[in-house]
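Asker: Structure supplied as my_file-v2.cif; contents: mmCIF, C-alpha atoms and all ligand atoms.
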```cif
data_coords
#
loop_
_atom_site.label_atom_id
_atom_site.label_comp_id
_atom_site.auth_asym_id
_atom_site.auth_seq_id
_atom_site.Cartn_x
_atom_site.Cartn_y
_atom_site.Cartn_z
CA MET A 1 0.00 0.00 0.00
CA PRO A 2 1.13 3.61 -0.53
CA VAL A 3 2.32 5.64 2.47
CA VAL A 4 -0.16 8.17 3.89
CA LEU A 5 1.55 11.17 5.52
CA LEU A 6 0.05 13.90 7.67
CA PRO A 7 1.00 17.37 6.41
CA THR A 8 3.48 18.19 9.19
CA PRO A 9 6.20 20.72 8.27
CA ASP A 10 8.69 17.86 8.16
CA ASN A 11 6.57 15.67 5.88
CA LEU A 12 5.75 18.60 3.58
CA GLN A 13 9.47 19.33 3.24
CA ARG A 14 10.30 15.70 2.49
CA ALA A 15 7.47 15.45 -0.02
CA ALA A 16 8.63 18.65 -1.73
CA GLU A 17 12.16 17.25 -2.00
CA ARG A 18 10.78 14.04 -3.46
CA LEU A 19 8.91 16.01 -6.13
CA ARG A 20 11.97 18.09 -6.99
CA ALA A 21 13.99 14.89 -7.36
CA GLY A 22 11.54 13.45 -9.91
CA GLY A 23 9.36 11.34 -7.61
CA LEU A 24 5.58 11.14 -7.42
CA VAL A 25 3.54 12.60 -4.54
CA ALA A 26 -0.25 12.52 -4.28
CA PHE A 27 -1.69 15.50 -2.42
CA ALA A 28 -4.95 17.09 -1.32
CA THR A 29 -6.48 19.94 -3.27
CA GLU A 30 -9.86 21.54 -2.59
CA THR A 31 -11.36 19.77 -5.65
CA VAL A 32 -9.99 16.22 -5.69
CA TYR A 33 -6.65 14.62 -4.76
CA GLY A 34 -3.93 15.04 -7.40
CA LEU A 35 -1.06 12.75 -8.40
CA GLY A 36 1.86 15.16 -8.73
CA ALA A 37 5.19 15.21 -10.53
CA HIS A 38 7.71 17.95 -11.42
CA ALA A 39 6.03 19.43 -14.50
CA LEU A 40 9.27 20.39 -16.26
CA ASP A 41 10.83 16.91 -15.82
CA PRO A 42 9.49 14.60 -18.59
CA GLY A 43 10.78 11.49 -16.83
CA ALA A 44 8.85 12.37 -13.70
CA VAL A 45 5.72 13.18 -15.70
CA ALA A 46 5.97 9.83 -17.51
CA GLY A 47 5.63 8.17 -14.09
CA ILE A 48 2.14 9.68 -13.73
CA PHE A 49 0.93 8.15 -17.00
CA GLU A 50 2.42 4.80 -16.05
CA LEU A 51 0.92 4.67 -12.56
CA LYS A 52 -2.55 5.80 -13.67
CA GLY A 53 -2.63 3.73 -16.85
CA ARG A 54 -3.49 7.01 -18.58
CA PRO A 55 -3.21 7.31 -22.37
CA LEU A 56 -0.50 9.72 -23.50
CA PHE A 57 -2.91 11.82 -25.58
CA ASP A 58 -4.60 13.08 -22.41
CA PRO A 59 -2.86 16.31 -21.25
CA LEU A 60 -2.23 17.24 -17.60
CA ILE A 61 -3.05 20.33 -15.54
CA VAL A 62 0.02 22.19 -14.26
CA HIS A 63 -0.36 23.47 -10.70
CA VAL A 64 1.42 26.67 -9.65
CA SER A 65 1.87 28.67 -6.46
CA SER A 66 0.91 32.11 -7.81
CA THR A 67 -0.39 33.99 -10.84
CA ASP A 68 3.17 35.13 -11.61
CA ARG A 69 4.28 31.49 -11.79
CA ALA A 70 1.43 30.77 -14.18
CA ARG A 71 2.53 33.63 -16.44
CA GLU A 72 6.03 32.12 -16.61
CA LEU A 73 4.56 29.06 -18.34
CA SER A 74 2.16 30.75 -20.76
CA ALA A 75 3.20 32.48 -23.98
CA ALA A 76 0.30 34.93 -23.75
CA TRP A 77 -1.64 36.39 -20.84
CA PRO A 78 -4.72 38.13 -22.22
CA ASP A 79 -6.86 40.48 -20.14
CA VAL A 80 -9.44 37.76 -19.71
CA ALA A 81 -6.81 35.55 -18.00
CA GLU A 82 -5.88 38.38 -15.64
CA CYS A 83 -9.56 39.00 -14.90
CA LEU A 84 -10.31 35.34 -14.09
CA ALA A 85 -7.10 34.80 -12.12
CA THR A 86 -7.78 37.89 -10.01
CA ARG A 87 -11.34 36.86 -9.32
CA PHE A 88 -11.08 33.06 -8.90
CA TRP A 89 -7.46 32.14 -8.01
CA PRO A 90 -6.43 30.43 -5.88
CA GLY A 91 -9.37 28.12 -6.49
CA PRO A 92 -11.17 25.46 -8.54
CA LEU A 93 -10.60 27.02 -11.99
CA THR A 94 -8.13 25.86 -14.67
CA LEU A 95 -7.09 28.24 -17.47
CA VAL A 96 -5.94 26.87 -20.84
CA LEU A 97 -3.48 29.24 -22.52
CA PRO A 98 -0.75 29.11 -25.20
CA ARG A 99 2.25 27.38 -23.66
CA ARG A 100 5.88 28.37 -23.48
CA GLU A 101 8.54 25.99 -24.77
CA VAL A 102 9.72 25.02 -21.27
CA VAL A 103 6.54 23.00 -20.81
CA PRO A 104 7.26 19.44 -22.01
CA ASP A 105 5.20 17.87 -24.80
CA LEU A 106 4.29 15.04 -22.49
CA VAL A 107 2.43 17.47 -20.20
CA THR A 108 0.36 19.04 -22.98
CA ALA A 109 0.05 15.87 -25.10
CA GLY A 110 1.77 17.79 -27.86
CA LEU A 111 -0.86 20.57 -27.84
CA PRO A 112 0.34 24.16 -28.25
CA ASN A 113 -1.58 25.02 -25.03
CA VAL A 114 -1.09 24.40 -21.35
CA ALA A 115 -3.70 24.07 -18.59
CA LEU A 116 -2.82 26.05 -15.44
CA ARG A 117 -4.29 26.14 -11.94
CA TRP A 118 -3.37 27.76 -8.63
CA PRO A 119 -5.15 25.59 -6.05
CA ALA A 120 -6.51 26.96 -2.77
CA HIS A 121 -5.97 23.99 -0.43
CA PRO A 122 -3.29 24.79 2.17
CA VAL A 123 -1.57 21.40 1.70
CA ALA A 124 -1.31 21.94 -2.06
CA GLN A 125 -0.14 25.52 -1.56
CA GLN A 126 2.58 24.64 0.95
CA LEU A 127 3.79 21.74 -1.18
CA LEU A 128 3.99 23.96 -4.29
CA LEU A 129 5.85 26.70 -2.42
CA LEU A 130 8.35 24.30 -0.86
CA ALA A 131 8.93 22.34 -4.07
CA ASP A 132 9.42 25.66 -5.88
CA CYS A 133 8.53 24.13 -9.25
CA PRO A 134 5.33 23.72 -11.29
CA VAL A 135 3.59 20.42 -10.53
CA ALA A 136 1.68 18.43 -13.15
CA ALA A 137 -1.16 16.56 -11.48
CA PRO A 138 -4.18 14.68 -12.77
CA SER A 139 -6.75 13.30 -10.37
CA ALA A 140 -5.07 10.50 -8.36
CA ASN A 141 -7.19 7.60 -9.64
CA ARG A 142 -6.70 4.90 -12.23
CA PHE A 143 -7.67 6.13 -15.70
CA ALA A 144 -11.46 6.49 -16.23
CA SER A 145 -12.19 5.51 -12.61
CA ILE A 146 -13.81 7.59 -9.82
CA SER A 147 -11.78 10.61 -8.67
CA PRO A 148 -10.47 10.40 -5.08
CA THR A 149 -11.73 12.85 -2.46
CA SER A 150 -9.75 11.49 0.51
CA ALA A 151 -6.29 10.06 1.17
CA ALA A 152 -7.87 6.63 1.74
CA ASP A 153 -9.49 6.80 -1.72
CA VAL A 154 -6.08 7.48 -3.28
CA ALA A 155 -4.52 4.58 -1.39
CA ALA A 156 -7.28 2.26 -2.63
CA GLU A 157 -7.05 3.48 -6.25
CA LEU A 158 -3.25 3.33 -6.48
CA GLN A 159 -2.60 0.47 -4.06
CA HIS A 160 -0.30 -1.24 -6.55
CA ASP A 161 2.41 1.36 -5.83
CA PRO A 162 3.93 0.81 -2.36
CA ASP A 163 6.41 3.67 -2.99
CA LEU A 164 3.76 6.32 -3.50
CA TRP A 165 3.48 9.05 -0.86
CA ILE A 166 0.10 10.60 -0.16
CA LEU A 167 -0.14 13.92 1.69
CA ASP A 168 -3.37 13.72 3.68
CA GLY A 169 -5.27 17.01 3.75
CA GLY A 170 -8.59 15.57 4.90
CA PRO A 171 -11.72 15.23 2.77
CA CYS A 172 -11.89 17.62 -0.21
CA THR A 173 -14.15 20.59 0.42
CA HIS A 174 -15.42 20.81 -3.20
CA GLY A 175 -15.25 17.15 -4.21
CA LEU A 176 -15.59 17.76 -7.96
CA GLU A 177 -12.74 18.61 -10.37
CA SER A 178 -11.90 22.16 -11.36
CA THR A 179 -13.80 23.90 -14.14
CA VAL A 180 -11.58 24.10 -17.26
CA ILE A 181 -11.87 27.14 -19.54
CA SER A 182 -9.91 27.69 -22.75
CA LEU A 183 -8.69 31.24 -23.40
CA VAL A 184 -6.71 30.48 -26.56
CA SER A 185 -9.16 31.88 -29.10
CA ASP A 186 -11.11 35.15 -29.20
CA ARG A 187 -14.03 33.68 -27.32
CA PRO A 188 -13.51 31.76 -24.06
CA ILE A 189 -14.90 28.20 -24.13
CA VAL A 190 -15.68 26.06 -21.10
CA LEU A 191 -14.01 22.69 -21.82
CA ARG A 192 -15.08 20.91 -18.63
CA LEU A 193 -17.85 21.67 -16.16
CA GLY A 194 -16.57 21.53 -12.59
CA SER A 195 -16.48 22.96 -9.09
CA LEU A 196 -16.82 26.55 -10.21
CA ALA A 197 -20.34 27.07 -11.58
CA VAL A 198 -20.59 28.40 -15.15
CA GLU A 199 -22.96 31.06 -13.80
CA ASP A 200 -20.09 32.45 -11.67
CA LEU A 201 -17.83 32.69 -14.73
CA GLU A 202 -20.62 34.30 -16.74
CA GLN A 203 -20.90 37.08 -14.15
CA GLU A 204 -17.39 38.11 -15.20
CA LEU A 205 -17.46 37.23 -18.90
CA GLY A 206 -21.07 37.28 -20.08
CA PRO A 207 -22.72 34.26 -21.77
CA LEU A 208 -20.32 31.34 -22.33
CA THR A 209 -20.14 28.41 -24.70
CA VAL A 210 -19.78 25.02 -23.01
CA ALA A 211 -18.04 22.41 -25.16
CA ASN A 212 -19.95 19.82 -23.25
CA ARG A 213 -20.20 16.87 -25.55
CA SER A 214 -18.84 13.38 -25.57
CA VAL A 215 -15.81 12.89 -27.74
CA LYS A 216 -14.12 9.95 -29.33
CA GLU A 217 -10.45 9.17 -28.96
CA SER A 218 -9.81 10.21 -32.57
CA GLU A 219 -11.02 13.73 -31.76
CA LEU A 220 -8.69 13.89 -28.79
CA GLN A 221 -5.72 13.00 -30.91
CA SER A 222 -6.58 15.88 -33.23
CA GLY A 223 -6.36 18.12 -30.15
CA LEU A 224 -9.82 19.57 -30.65
CA ALA A 225 -11.47 18.44 -27.49
CA SER A 226 -10.86 17.95 -23.81
CA PRO A 227 -10.15 14.37 -22.75
CA GLY A 228 -12.13 14.89 -19.55
CA HIS A 229 -14.99 14.56 -22.01
CA LEU A 230 -14.33 10.99 -23.03
CA SER A 231 -17.78 9.49 -23.00
CA ARG A 232 -16.79 6.81 -20.47
CA HIS A 233 -15.12 8.38 -17.45
CA TYR A 234 -15.55 8.72 -13.69
CA SER A 235 -16.99 5.20 -13.74
CA PRO A 236 -17.82 2.75 -10.95
CA ARG A 237 -17.48 -0.96 -11.81
CA THR A 238 -21.16 -1.58 -11.10
CA PRO A 239 -23.40 -0.66 -14.08
CA LEU A 240 -25.02 2.71 -13.55
CA ARG A 241 -28.29 3.88 -15.11
CA LEU A 242 -29.14 7.57 -15.13
CA MET A 243 -32.77 8.68 -15.02
CA GLN A 244 -34.90 11.77 -14.78
CA ALA A 245 -36.50 12.43 -11.40
CA GLY A 246 -40.01 11.75 -12.75
CA ASP A 247 -39.07 8.27 -14.03
CA LEU A 248 -37.97 6.85 -10.70
CA ASP A 249 -41.18 4.98 -10.01
CA ALA A 250 -40.72 3.07 -13.28
CA ALA A 251 -37.27 1.88 -12.16
CA ARG A 252 -38.41 -1.11 -10.10
CA GLU A 253 -36.34 -4.19 -10.78
CA ARG A 254 -37.27 -6.52 -7.97
CA GLN A 255 -35.11 -9.45 -8.98
CA GLN A 256 -31.93 -7.48 -8.65
CA ARG A 257 -30.08 -5.75 -5.85
CA VAL A 258 -30.34 -2.13 -6.93
CA GLY A 259 -28.85 0.94 -5.24
CA LEU A 260 -30.20 4.47 -5.55
CA LEU A 261 -28.14 7.65 -5.86
CA CYS A 262 -30.50 10.57 -5.37
CA PHE A 263 -30.85 14.19 -4.31
CA GLY A 264 -33.17 16.11 -1.98
CA ALA A 265 -36.75 14.92 -1.72
CA GLN A 266 -36.24 12.23 -4.40
CA ALA A 267 -35.43 9.85 -1.54
CA ASN A 268 -39.08 10.11 -0.41
CA SER A 269 -40.39 8.75 -3.72
CA SER A 270 -42.89 5.91 -3.34
CA SER A 271 -40.47 3.45 -4.97
CA ALA A 272 -37.52 4.31 -2.71
CA GLU A 273 -38.24 1.32 -0.45
CA ASP A 274 -37.44 -1.05 -3.35
CA PHE A 275 -33.78 -0.14 -3.25
CA ALA A 276 -31.24 -2.15 -1.29
CA VAL A 277 -29.13 0.93 -0.52
CA ILE A 278 -29.92 4.62 -0.83
CA GLU A 279 -27.31 7.37 -1.00
CA ASN A 280 -28.83 10.83 -0.84
CA LEU A 281 -26.29 13.42 -2.04
CA SER A 282 -27.99 16.20 -0.10
CA ALA A 283 -31.19 15.74 1.91
CA LYS A 284 -31.69 19.51 1.98
CA GLY A 285 -31.26 19.76 -1.81
CA ASP A 286 -28.01 21.76 -1.79
CA THR A 287 -25.96 21.19 -5.00
CA ARG A 288 -22.72 22.30 -3.31
CA GLU A 289 -23.12 19.62 -0.63
CA ALA A 290 -24.05 17.13 -3.37
CA ALA A 291 -20.83 17.88 -5.31
CA THR A 292 -18.78 17.33 -2.17
CA ARG A 293 -20.36 13.92 -1.59
CA LEU A 294 -20.71 12.65 -5.19
CA TYR A 295 -17.57 10.54 -5.58
CA ALA A 296 -17.65 9.14 -2.03
CA ALA A 297 -21.27 8.08 -2.58
CA LEU A 298 -20.39 6.41 -5.90
CA ARG A 299 -17.59 4.52 -4.17
CA LEU A 300 -19.88 3.35 -1.35
CA LEU A 301 -22.48 2.12 -3.84
CA ASP A 302 -19.78 0.44 -5.92
CA GLN A 303 -18.67 -1.53 -2.84
CA ALA A 304 -22.18 -2.56 -1.78
CA GLY A 305 -22.39 -5.70 -3.94
CA LEU A 306 -25.13 -4.30 -6.18
CA ASP A 307 -26.25 -5.47 -9.63
CA LEU A 308 -27.18 -1.96 -10.68
CA ILE A 309 -26.92 1.64 -9.50
CA VAL A 310 -29.81 3.91 -10.45
CA ALA A 311 -28.85 7.59 -10.35
CA VAL A 312 -31.34 10.43 -10.64
CA GLU A 313 -30.49 13.67 -12.45
CA LEU A 314 -30.21 16.88 -10.44
CA PRO A 315 -31.88 20.14 -11.43
CA PRO A 316 -29.55 21.47 -14.17
CA GLN A 317 -28.48 24.71 -12.49
CA GLY A 318 -25.16 25.68 -10.91
CA LEU A 319 -23.17 22.63 -9.83
CA GLY A 320 -26.15 20.43 -10.75
CA ARG A 321 -24.98 20.71 -14.36
CA ALA A 322 -21.48 19.50 -13.55
CA ILE A 323 -22.81 16.63 -11.41
CA ASN A 324 -25.19 15.52 -14.20
CA ASP A 325 -22.24 15.62 -16.63
CA ARG A 326 -20.25 13.24 -14.39
CA LEU A 327 -23.24 10.93 -13.87
CA ARG A 328 -23.83 10.76 -17.63
CA ARG A 329 -20.24 9.66 -18.20
CA ALA A 330 -20.34 7.23 -15.28
CA SER A 331 -23.43 5.67 -16.85
CA HIS A 332 -21.89 5.12 -20.27
O1 LIG B 401 -9.55 19.64 -9.97
C1 LIG B 401 -8.78 19.26 -10.85
O2 LIG B 401 -8.73 19.79 -11.97
C2 LIG B 401 -7.87 18.09 -10.51
C3 LIG B 401 -6.90 18.56 -9.41
C4 LIG B 401 -5.90 17.52 -9.05
O3 LIG B 401 -6.29 19.74 -9.83
N1 LIG B 401 -7.17 17.62 -11.65
C5 LIG B 401 -7.79 16.96 -12.67
O4 LIG B 401 -6.93 16.52 -13.66
O5 LIG B 401 -8.98 16.75 -12.71
P1 LIG B 401 -7.35 15.49 -14.78
O6 LIG B 401 -6.07 15.14 -15.47
O7 LIG B 401 -8.12 14.39 -14.21
O8 LIG B 401 -8.20 16.36 -15.78
C6 LIG B 401 -7.55 17.38 -16.51
C7 LIG B 401 -8.52 17.96 -17.51
C8 LIG B 401 -8.80 16.99 -18.61
O9 LIG B 401 -10.14 17.13 -19.01
C9 LIG B 401 -7.84 17.45 -19.68
O10 LIG B 401 -8.26 17.11 -20.96
C10 LIG B 401 -7.87 18.95 -19.51
O11 LIG B 401 -7.91 19.11 -18.12
N2 LIG B 401 -6.64 19.53 -20.05
C11 LIG B 401 -5.40 19.47 -19.54
N3 LIG B 401 -4.53 20.10 -20.34
C12 LIG B 401 -5.23 20.59 -21.38
C13 LIG B 401 -4.88 21.34 -22.54
N4 LIG B 401 -3.62 21.71 -22.79
N5 LIG B 401 -5.87 21.66 -23.40
C14 LIG B 401 -7.15 21.28 -23.15
N6 LIG B 401 -7.55 20.57 -22.06
C15 LIG B 401 -6.59 20.24 -21.20
MG MG B 402 -9.38 12.76 -13.82
#
```
Translate the structure described by the file into structure tokens.
Answerer:
Amino acid sequence: MPVVLLPTPDNLQRAAERLRAGGLVAFATETVYGLGAHALDPGAVAGIFELKGRPLFDPLIVHVSSTDRARELSAAWPDVAECLATRFWPGPLTLVLPRREVVPDLVTAGLPNVALRWPAHPVAQQLLLLADCPVAAPSANRFASISPTSAADVAAELQHDPDLWILDGGPCTHGLESTVISLVSDRPIVLRLGSLAVEDLEQELGPLTVANRSVKESELQSGLASPGHLSRHYSPRTPLRLMQAGDLDAARERQQRVGLLCFGAQANSSSAEDFAVIENLSAKGDTREAATRLYAALRLLDQAGLDLIVAVELPPQGLGRAINDRLRRASH
């Protein structure tokens, strides 16, 4: 099993040294746990792809300790980048910008752009400051699996690496990946829905286009789409069926052991008693709380020995949109 470390000053220092020397360190961020490597060291970055079983055409987010550090990696810094960084960094927003040559091809999957994020979690921030280098980090799960929102989740996902260090920063406060926005063309485009609601971005930028469609691997290789949008992603091993709230009563399958993933008052539906296990993402109907609990609830249901998980769509506003996006991909 990997080694779980509390974020004491001593452990943070050792972890930072390990990163600088080309090793891998998983660490807490406010969105999900990341699997980090020195972003300017291609050998270190290769270790991420190997450990995750991630295809090389899927680019990585580079984590930095300040806006100035982000600017050192991007070939252009338009006003819109300054505006979003000022308003939302540090935080759950990733900016895609033209890259500088120092950023290795392996990090960007050969794309001319780099994805940059300054995270807000104190463990991530201290690690980045001590390591004093940009850190490439995808979510710390096996490729296409459920993203980890605790150190124990990371240890379970990546248990085949006994040399991995995990910096434990407690459960993630957002629980859903960062929102990814591309600023490389004249009009910003949201590439991935995430922990920052599109409505919040639109307050700064006006109406936004969301490139929210499933893509095939061929499209990824052409560099036109975001790999977070592979149609199968974020998936439990148990089959998952997604339905609209109104269809729940038609979902009875008595022969099977079925689990229910629901939201708010959906748990009071007349058919709820037919389910072997019920996970309510937020009894009070709060999408923020639901985002925080989503991946942990999927993991619990996946471990409950079920034949099927039935998930019910959330109202498509705010983080409800991002959660529905993840459920759709989990159901593929
Ligand atoms: O919250 C998060 O974003 C977490 C934490 C650890 O920061 N990281 C994360 O990384 O979710 P990952 O690798 O699981 O997802 C990265 C997303 C993918 O959808 C990827 O396609 C997109 O960012 N991405 C990365 N570099 C890109 C680039 N140069 N152009 C377009 N999309 C890019
Ligand atoms: Mg991921």
Asker: If you count only C-alpha atoms and all ligand atoms, which residues end up within 9 Å of ligand MG 402 (chain B), as a list in words?
Answerer: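 Listed by chain and ascending number, the contacts are Val32, Gly34, Pro138, Ser139, Ala140, Asn141, Arg142, Phe143, Ala144, Ser145, Ile146, Ser147, Glu177, Gly228, His233 and Tyr234 of chain A.
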Asker: For the selection you just gave me, I'd like the residues written to a file as a PDB file, in the frame of the given file, keeping C-alpha atoms.
Answerer:
```pdb
ATOM      1  CA  VAL A  32      -9.990  16.220  -5.690  1.00  0.00           C
ATOM      2  CA  GLY A  34      -3.930  15.040  -7.400  1.00  0.00           C
ATOM      3  CA  PRO A 138      -4.180  14.680 -12.770  1.00  0.00           C
ATOM      4  CA  SER A 139      -6.750  13.300 -10.370  1.00  0.00           C
ATOM      5  CA  ALA A 140      -5.070  10.500  -8.360  1.00  0.00           C
ATOM      6  CA  ASN A 141      -7.190   7.600  -9.640  1.00  0.00           C
ATOM      7  CA  ARG A 142      -6.700   4.900 -12.230  1.00  0.00           C
ATOM      8  CA  PHE A 143      -7.670   6.130 -15.700  1.00  0.00           C
ATOM      9  CA  ALA A 144     -11.460   6.490 -16.230  1.00  0.00           C
ATOM     10  CA  SER A 145     -12.190   5.510 -12.610  1.00  0.00           C
ATOM     11  CA  ILE A 146     -13.810   7.590  -9.820  1.00  0.00           C
ATOM     12  CA  SER A 147     -11.780  10.610  -8.670  1.00  0.00           C
ATOM     13  CA  GLU A 177     -12.740  18.610 -10.370  1.00  0.00           C
ATOM     14  CA  GLY A 228     -12.130  14.890 -19.550  1.00  0.00           C
ATOM     15  CA  HIS A 233     -15.120   8.380 -17.450  1.00  0.00           C
ATOM     16  CA  TYR A 234     -15.550   8.720 -13.690  1.00  0.00           C
TER      17      TYR A 234
END
```
Asker: Using only C-alpha atoms and all ligand atoms, which residues of the polymer chains come no farther than 6 Å from ligand LIG 401 (chain B)? I'd like the answer as JSON, numbers by chain.
Answerer: {"A": [31, 32, 33, 34, 58, 59, 60, 61, 96, 108, 111, 113, 114, 115, 137, 138, 139, 177, 178, 226, 227, 228]}
Asker: What is the distance, in Å and to one decimal place, between atom CA of A:Ala75 and atom CA of A:Phe27?
Answerer: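 It comes out at 27.9 Å.
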Asker: One number please: atom CA of A:Cys133 to atom CA of A:His160, in Å, one decimal.
Answerer: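 A separation of 27.0 Å between them.
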Asker: Could you name the residues that touch stretch 45-56 of chain A at 7 Å or less, counting only C-alpha atoms, but leaving out those on the same chain fewer than 3 positions away, as a compact mmCIF listing (two decimals) with C-alpha atoms, keeping the file's coordinate frame?
Answerer:
```
# COMPACT_ATOMS: atom_id res chain seq x y z
CA LEU A 35 -1.06 12.75 -8.40
CA ALA A 37 5.19 15.21 -10.53
CA HIS A 38 7.71 17.95 -11.42
CA ALA A 39 6.03 19.43 -14.50
CA ASP A 41 10.83 16.91 -15.82
CA PRO A 42 9.49 14.60 -18.59
CA ALA A 109 0.05 15.87 -25.10
CA ASN A 141 -7.19 7.60 -9.64
CA ARG A 142 -6.70 4.90 -12.23
CA PHE A 143 -7.67 6.13 -15.70
```
Asker: Near A:Glu289, within 12 Å and counting only C-alpha atoms, which residues show up once chain neighbours fewer than 5 positions away are dropped, as a count of residues only?
Answerer: 20
Asker: Let me have the centre and edge lengths in Å, one decimal, of the box along x, y and z around every listed atom of stretch 138-157 of chain A with 6 Å of margin on each side, as lines of an AutoDock Vina configuration file.
Answerer:
```
center_x = -9.0
center_y = 8.5
center_z = -7.2
size_x = 21.6
size_y = 24.4
size_z = 30.0
```
Asker: In Å, rounded to a single decimal, give me how far atom CA of A:Gly318 is from atom CA of A:Glu199.
Answerer: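 Going from atom CA of A:Glu199 over to atom CA of A:Gly318 covers 6.5 Å.
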Asker: Tell me, as a list in words, which residues lie within 7 Å of A:Leu306, counting all atoms listed in the file; anything in the same chain fewer than 2 positions away does not count.
Answerer: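 Selected residues are Thr238, Arg257, Val258, Gly259, Ala304 and Leu308 of chain A.
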Asker: Return the single residue from A:Ala15, A:Val102, A:Leu300, A:Ile166 that is closest to A:Gln126, with distances computed using only C-alpha atoms.
Answerer: A:Ala15
Asker: For each of A:Ala211, A:Leu5, A:Ala245, A:Cys83, take the minimum atom-to-atom distance to A:Ser182, counting all atoms listed in the file, then give the residue where this is smallest.
Answerer: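 That would be A:Ala211, the residue with the smallest distance to A:Ser182.
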Asker: Find the residues around stretch 62-72 of chain A up to 9 Å (all atoms listed in the file counted), leave out those fewer than 2 positions away in its own chain, and share them as a PDB file with C-alpha atoms, in the frame of the given file.
Answerer:
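Final output, result_16.pdb:
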```pdb
ATOM      1  CA  GLY A  36       1.860  15.160  -8.730  1.00  0.00           C
ATOM      2  CA  ALA A  39       6.030  19.430 -14.500  1.00  0.00           C
ATOM      3  CA  LEU A  60      -2.230  17.240 -17.600  1.00  0.00           C
ATOM      4  CA  SER A  74       2.160  30.750 -20.760  1.00  0.00           C
ATOM      5  CA  ALA A  75       3.200  32.480 -23.980  1.00  0.00           C
ATOM      6  CA  ALA A  76       0.300  34.930 -23.750  1.00  0.00           C
ATOM      7  CA  TRP A  77      -1.640  36.390 -20.840  1.00  0.00           C
ATOM      8  CA  GLU A  82      -5.880  38.380 -15.640  1.00  0.00           C
ATOM      9  CA  ALA A  85      -7.100  34.800 -12.120  1.00  0.00           C
ATOM     10  CA  THR A  86      -7.780  37.890 -10.010  1.00  0.00           C
ATOM     11  CA  TRP A  89      -7.460  32.140  -8.010  1.00  0.00           C
ATOM     12  CA  PRO A  90      -6.430  30.430  -5.880  1.00  0.00           C
ATOM     13  CA  THR A  94      -8.130  25.860 -14.670  1.00  0.00           C
ATOM     14  CA  ARG A 100       5.880  28.370 -23.480  1.00  0.00           C
ATOM     15  CA  VAL A 107       2.430  17.470 -20.200  1.00  0.00           C
ATOM     16  CA  VAL A 114      -1.090  24.400 -21.350  1.00  0.00           C
ATOM     17  CA  ALA A 115      -3.700  24.070 -18.590  1.00  0.00           C
ATOM     18  CA  LEU A 116      -2.820  26.050 -15.440  1.00  0.00           C
ATOM     19  CA  ARG A 117      -4.290  26.140 -11.940  1.00  0.00           C
ATOM     20  CA  TRP A 118      -3.370  27.760  -8.630  1.00  0.00           C
ATOM     21  CA  PRO A 119      -5.150  25.590  -6.050  1.00  0.00           C
ATOM     22  CA  ALA A 124      -1.310  21.940  -2.060  1.00  0.00           C
ATOM     23  CA  GLN A 125      -0.140  25.520  -1.560  1.00  0.00           C
ATOM     24  CA  GLN A 126       2.580  24.640   0.950  1.00  0.00           C
ATOM     25  CA  LEU A 127       3.790  21.740  -1.180  1.00  0.00           C
ATOM     26  CA  LEU A 128       3.990  23.960  -4.290  1.00  0.00           C
ATOM     27  CA  LEU A 129       5.850  26.700  -2.420  1.00  0.00           C
ATOM     28  CA  ASP A 132       9.420  25.660  -5.880  1.00  0.00           C
ATOM     29  CA  CYS A 133       8.530  24.130  -9.250  1.00  0.00           C
ATOM     30  CA  PRO A 134       5.330  23.720 -11.290  1.00  0.00           C
ATOM     31  CA  VAL A 135       3.590  20.420 -10.530  1.00  0.00           C
ATOM     32  CA  ALA A 136       1.680  18.430 -13.150  1.00  0.00           C
ATOM     33  CA  ALA A 137      -1.160  16.560 -11.480  1.00  0.00           C
ATOM     34  CA  PRO A 138      -4.180  14.680 -12.770  1.00  0.00           C
TER      35      PRO A 138
END
```
